[in-house]
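To keep things clear, I will list the structure first and then write my remarks on it.
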Amino acid sequence: MDAGSLNSSSYLKAQSRFPLQEQFLHRKNSKENCDRFIPNRSAMDLDYAHYMLTEGRKGGKENPTATVNSPSREAYRKGLAEALNLNRTRILAFKNKPPTPVELIPQDHLSSSLHHQAKPAKLRRYIPQTSERTLDAPDLVDDFYLNLLDWGSKNVLAIALENTVYLWDASNGSTSELVTVADEDGPVTSVNWAPDGLHLAIGLNDSHVQLWDSASNKQLRTLRGCHRSRVGSMAWNNHILTTGGMDGKITNNDVRIRSHIVETYRGHQQEVCGLKWSASGQQLASGGNDNLIHIWDRSMASSNSVTQWFHRFEEHTSAVKALAWCPFQGNLLASGGGGADRCIKFWNTHTGACLNSIDTGSQVCALLWNKNERELLSSHGFTQNQLALWKYPSMVKMAELTGHTSRVLYMAQSPDGCTVATAAGDETLRFWNVFGVPEVAAKVAPKENPEPFSRFNRIR
């Protein structure tokens, strides 16, 4: 219903409730309706008077009652119109056009400034709820404390299936077998690519570590004497390979030299199941089955004695395997606890402060940061065996991905940061496009002289 019909209906209701014309026409005592200007107002038909003063004097076929007005009649008409306030043609009317307002801010400048200030609304990224690809992974060892999956910088995925290490080339989907170790040496307990994406470290159940060249499929050397039992976690820092064992010891191995053990870290009382170097290579985070996290600093390392930890975090109540350094804040570490803990915690590794803690409701097996957005991905065990994508720092859950039927023990991220591979106790390897395609930033053309005095070699 439009405004006109509403006004007409309200007018009709007003007429029925307040019939003003009928009151004026039917009142018997005219003295009760006296007026200063019109003494006998009750005897007048105001509508007819208004019509005669305005429309009745117009000639033509449509106004047959029009008559020629005498000067006295015209004077009486004007006076009567003023008395009844019927001269409404001058209401809110200007004699001349109003002056043009002065623009304090030019319109072109205002529009350009608003154009620069207005930011287009960012579209919410679509997150597929199912995996893009699923591969069989028979004989995958279902062990929370191991690390059997890694994605190298050359876009080749390494996965250990019991005694055999396989390589899957993501560029063409081809699969090849790198090595099968003897039964007395296996099973394989950890794999980790070197930064060059060509050399792979393989940790074994017999406490040894093998180094392989993936291009030639040749073993380069075997590191012995690092541990007394299986090597379940490894992490590279340039030419230093750090290994963590079931004996609770952490060793730094310089793979370039014969006597490869250069530093030893002791702080865990049980198996070391998580190792991660920071992007700067200055700090190492280690997690263990003793529910502890240690931060080790290279500046405090000593080759002559056991190195003391820089920070010790005791807040988790279960084994800590999931560790992830933040790519956009160098001193921020995320950690996840096992089945009795279920929490993701965030640490400032400079001050040692716990910044936040979130109860996820299930065992945290692995953590990965999005390289292009402020997001964190976690993989879980009982009861849902899901992947959870969190927005940092609010920790609002953006998506929950299901598909595995057993706990998602291992996660690895593609070199471009878009795809995540997961391996679970259900003996499947799944690929998820959870992080999406990064936005390509437009390249800004370099200025002619980006800095003052850039044309001069020196300032005298």
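Quick note on naming: the chains in the structure tokens go A, B, ... in the order shown, residues restart at 1 in each chain, and ligands are numbered from 1 in order of appearance.
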
Quiz item: Which polymer residues have any atom within 8 Å of an atom of range 341-353 of chain A, counting only C-alpha atoms, with same-chain residues fewer than 2 positions away left out, as an MDAnalysis selection string?
Solution: chainID A and resid 295 311:313 316:318 331:339 355:364

Output the selection as a PDB file, in the first residue's frame - C-alpha atoms for each residue.
```pdb
ATOM      1  CA  ILE A 295      62.624 -23.656  23.686  1.00  0.00           C
ATOM      2  CA  HIS A 311      62.158 -21.674  28.188  1.00  0.00           C
ATOM      3  CA  ARG A 312      60.291 -24.614  29.676  1.00  0.00           C
ATOM      4  CA  PHE A 313      56.504 -24.810  29.294  1.00  0.00           C
ATOM      5  CA  HIS A 316      50.013 -29.107  28.729  1.00  0.00           C
ATOM      6  CA  THR A 317      48.630 -32.197  30.469  1.00  0.00           C
ATOM      7  CA  SER A 318      49.389 -34.721  27.715  1.00  0.00           C
ATOM      8  CA  ASN A 331      58.351 -15.393  18.181  1.00  0.00           C
ATOM      9  CA  LEU A 332      54.863 -16.959  18.147  1.00  0.00           C
ATOM     10  CA  LEU A 333      54.627 -20.730  18.622  1.00  0.00           C
ATOM     11  CA  ALA A 334      51.480 -22.863  18.514  1.00  0.00           C
ATOM     12  CA  SER A 335      51.389 -26.221  20.294  1.00  0.00           C
ATOM     13  CA  GLY A 336      48.803 -28.968  20.638  1.00  0.00           C
ATOM     14  CA  GLY A 337      48.301 -31.549  23.362  1.00  0.00           C
ATOM     15  CA  GLY A 338      47.286 -35.202  23.208  1.00  0.00           C
ATOM     16  CA  GLY A 339      44.106 -36.979  24.211  1.00  0.00           C
ATOM     17  CA  LEU A 355      49.118 -15.943  25.141  1.00  0.00           C
ATOM     18  CA  ASN A 356      46.012 -18.083  24.713  1.00  0.00           C
ATOM     19  CA  SER A 357      44.634 -21.593  25.156  1.00  0.00           C
ATOM     20  CA  ILE A 358      41.727 -23.220  23.295  1.00  0.00           C
ATOM     21  CA  ASP A 359      40.101 -26.552  24.205  1.00  0.00           C
ATOM     22  CA  THR A 360      39.433 -28.307  20.877  1.00  0.00           C
ATOM     23  CA  GLY A 361      37.589 -31.254  22.392  1.00  0.00           C
ATOM     24  CA  SER A 362      39.820 -33.955  20.880  1.00  0.00           C
ATOM     25  CA  GLN A 363      43.417 -35.112  20.588  1.00  0.00           C
ATOM     26  CA  VAL A 364      45.587 -32.632  18.655  1.00  0.00           C
TER      27      VAL A 364
END
```

Quick one: which range 246-278 of chain A residues come within 10 Å of range 143-159 of chain A, and what is the nearest atom pair for each with the distance in Å to one decimal, counting only C-alpha atoms, rows ordered by chain and ascending number, as a Markdown table?
```
| residue | atom | partner | partner_atom | distance |
| --- | --- | --- | --- | --- |
| A:Met246 | CA | A:Tyr145 | CA | 9.3 |
| A:Glu271 | CA | A:Tyr145 | CA | 8.0 |
| A:Val272 | CA | A:Tyr145 | CA | 8.0 |
| A:Cys273 | CA | A:Tyr145 | CA | 5.1 |
| A:Gly274 | CA | A:Tyr145 | CA | 8.0 |
| A:Leu275 | CA | A:Asn147 | CA | 9.9 |
```

Practice problem: Can you pull out every residue within 8 Å of range 434-438 of chain A, counting only C-alpha atoms, but drop anything in the same chain fewer than 2 positions away, and send it as a PyMOL selection string? | Solution: chain A and resi 125-128+370+372+417-420+432+440

Dump as a PDB file, in the first residue's frame, selection limited to N, CA and C atoms:
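Okay, this is what ended up in part24.pdb:
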```
ATOM      1  N   ARG A 125      36.449 -16.633   1.439  1.00  0.00           N
ATOM      2  CA  ARG A 125      37.033 -17.690   0.635  1.00  0.00           C
ATOM      3  C   ARG A 125      36.210 -18.978   0.758  1.00  0.00           C
ATOM      4  N   TYR A 126      36.003 -19.628  -0.382  1.00  0.00           N
ATOM      5  CA  TYR A 126      35.305 -20.903  -0.369  1.00  0.00           C
ATOM      6  C   TYR A 126      36.258 -21.990   0.102  1.00  0.00           C
ATOM      7  N   ILE A 127      35.821 -22.769   1.069  1.00  0.00           N
ATOM      8  CA  ILE A 127      36.639 -23.835   1.633  1.00  0.00           C
ATOM      9  C   ILE A 127      35.966 -25.167   1.310  1.00  0.00           C
ATOM     10  N   PRO A 128      36.537 -25.970   0.408  1.00  0.00           N
ATOM     11  CA  PRO A 128      35.927 -27.271   0.081  1.00  0.00           C
ATOM     12  C   PRO A 128      35.842 -28.159   1.314  1.00  0.00           C
ATOM     13  N   ASN A 370      48.629 -21.247   7.931  1.00  0.00           N
ATOM     14  CA  ASN A 370      48.434 -20.782   6.562  1.00  0.00           C
ATOM     15  C   ASN A 370      49.514 -19.755   6.250  1.00  0.00           C
ATOM     16  N   ASN A 372      49.544 -17.655   3.814  1.00  0.00           N
ATOM     17  CA  ASN A 372      49.024 -16.473   3.140  1.00  0.00           C
ATOM     18  C   ASN A 372      47.959 -15.724   3.946  1.00  0.00           C
ATOM     19  N   GLY A 417      51.884 -23.449  -0.261  1.00  0.00           N
ATOM     20  CA  GLY A 417      51.059 -23.181   0.900  1.00  0.00           C
ATOM     21  C   GLY A 417      49.573 -23.385   0.696  1.00  0.00           C
ATOM     22  N   CYS A 418      49.135 -23.863  -0.459  1.00  0.00           N
ATOM     23  CA  CYS A 418      47.699 -23.969  -0.755  1.00  0.00           C
ATOM     24  C   CYS A 418      47.104 -25.310  -0.346  1.00  0.00           C
ATOM     25  N   THR A 419      47.829 -26.386  -0.578  1.00  0.00           N
ATOM     26  CA  THR A 419      47.293 -27.730  -0.380  1.00  0.00           C
ATOM     27  C   THR A 419      47.907 -28.369   0.852  1.00  0.00           C
ATOM     28  N   VAL A 420      47.105 -29.139   1.554  1.00  0.00           N
ATOM     29  CA  VAL A 420      47.559 -29.866   2.738  1.00  0.00           C
ATOM     30  C   VAL A 420      47.319 -31.353   2.513  1.00  0.00           C
ATOM     31  N   TRP A 432      43.836 -31.795   0.593  1.00  0.00           N
ATOM     32  CA  TRP A 432      42.789 -30.810   0.859  1.00  0.00           C
ATOM     33  C   TRP A 432      43.237 -29.434   0.355  1.00  0.00           C
ATOM     34  N   VAL A 440      47.474 -12.621  -5.694  1.00  0.00           N
ATOM     35  CA  VAL A 440      48.704 -12.100  -6.289  1.00  0.00           C
ATOM     36  C   VAL A 440      48.692 -10.590  -6.135  1.00  0.00           C
TER      37      VAL A 440
END
```

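Each of A:Ser174, A:Gln129, A:Thr189, A:Thr134 was compared to Asp426 in chain A using only C-alpha atoms, and A:Thr134 turns out to be the nearest.
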
Self-check item: DSSP-assigned strand (DSSP E or B) members of range 240-359 of chain A, reported as a count of residues only
Solution: 64
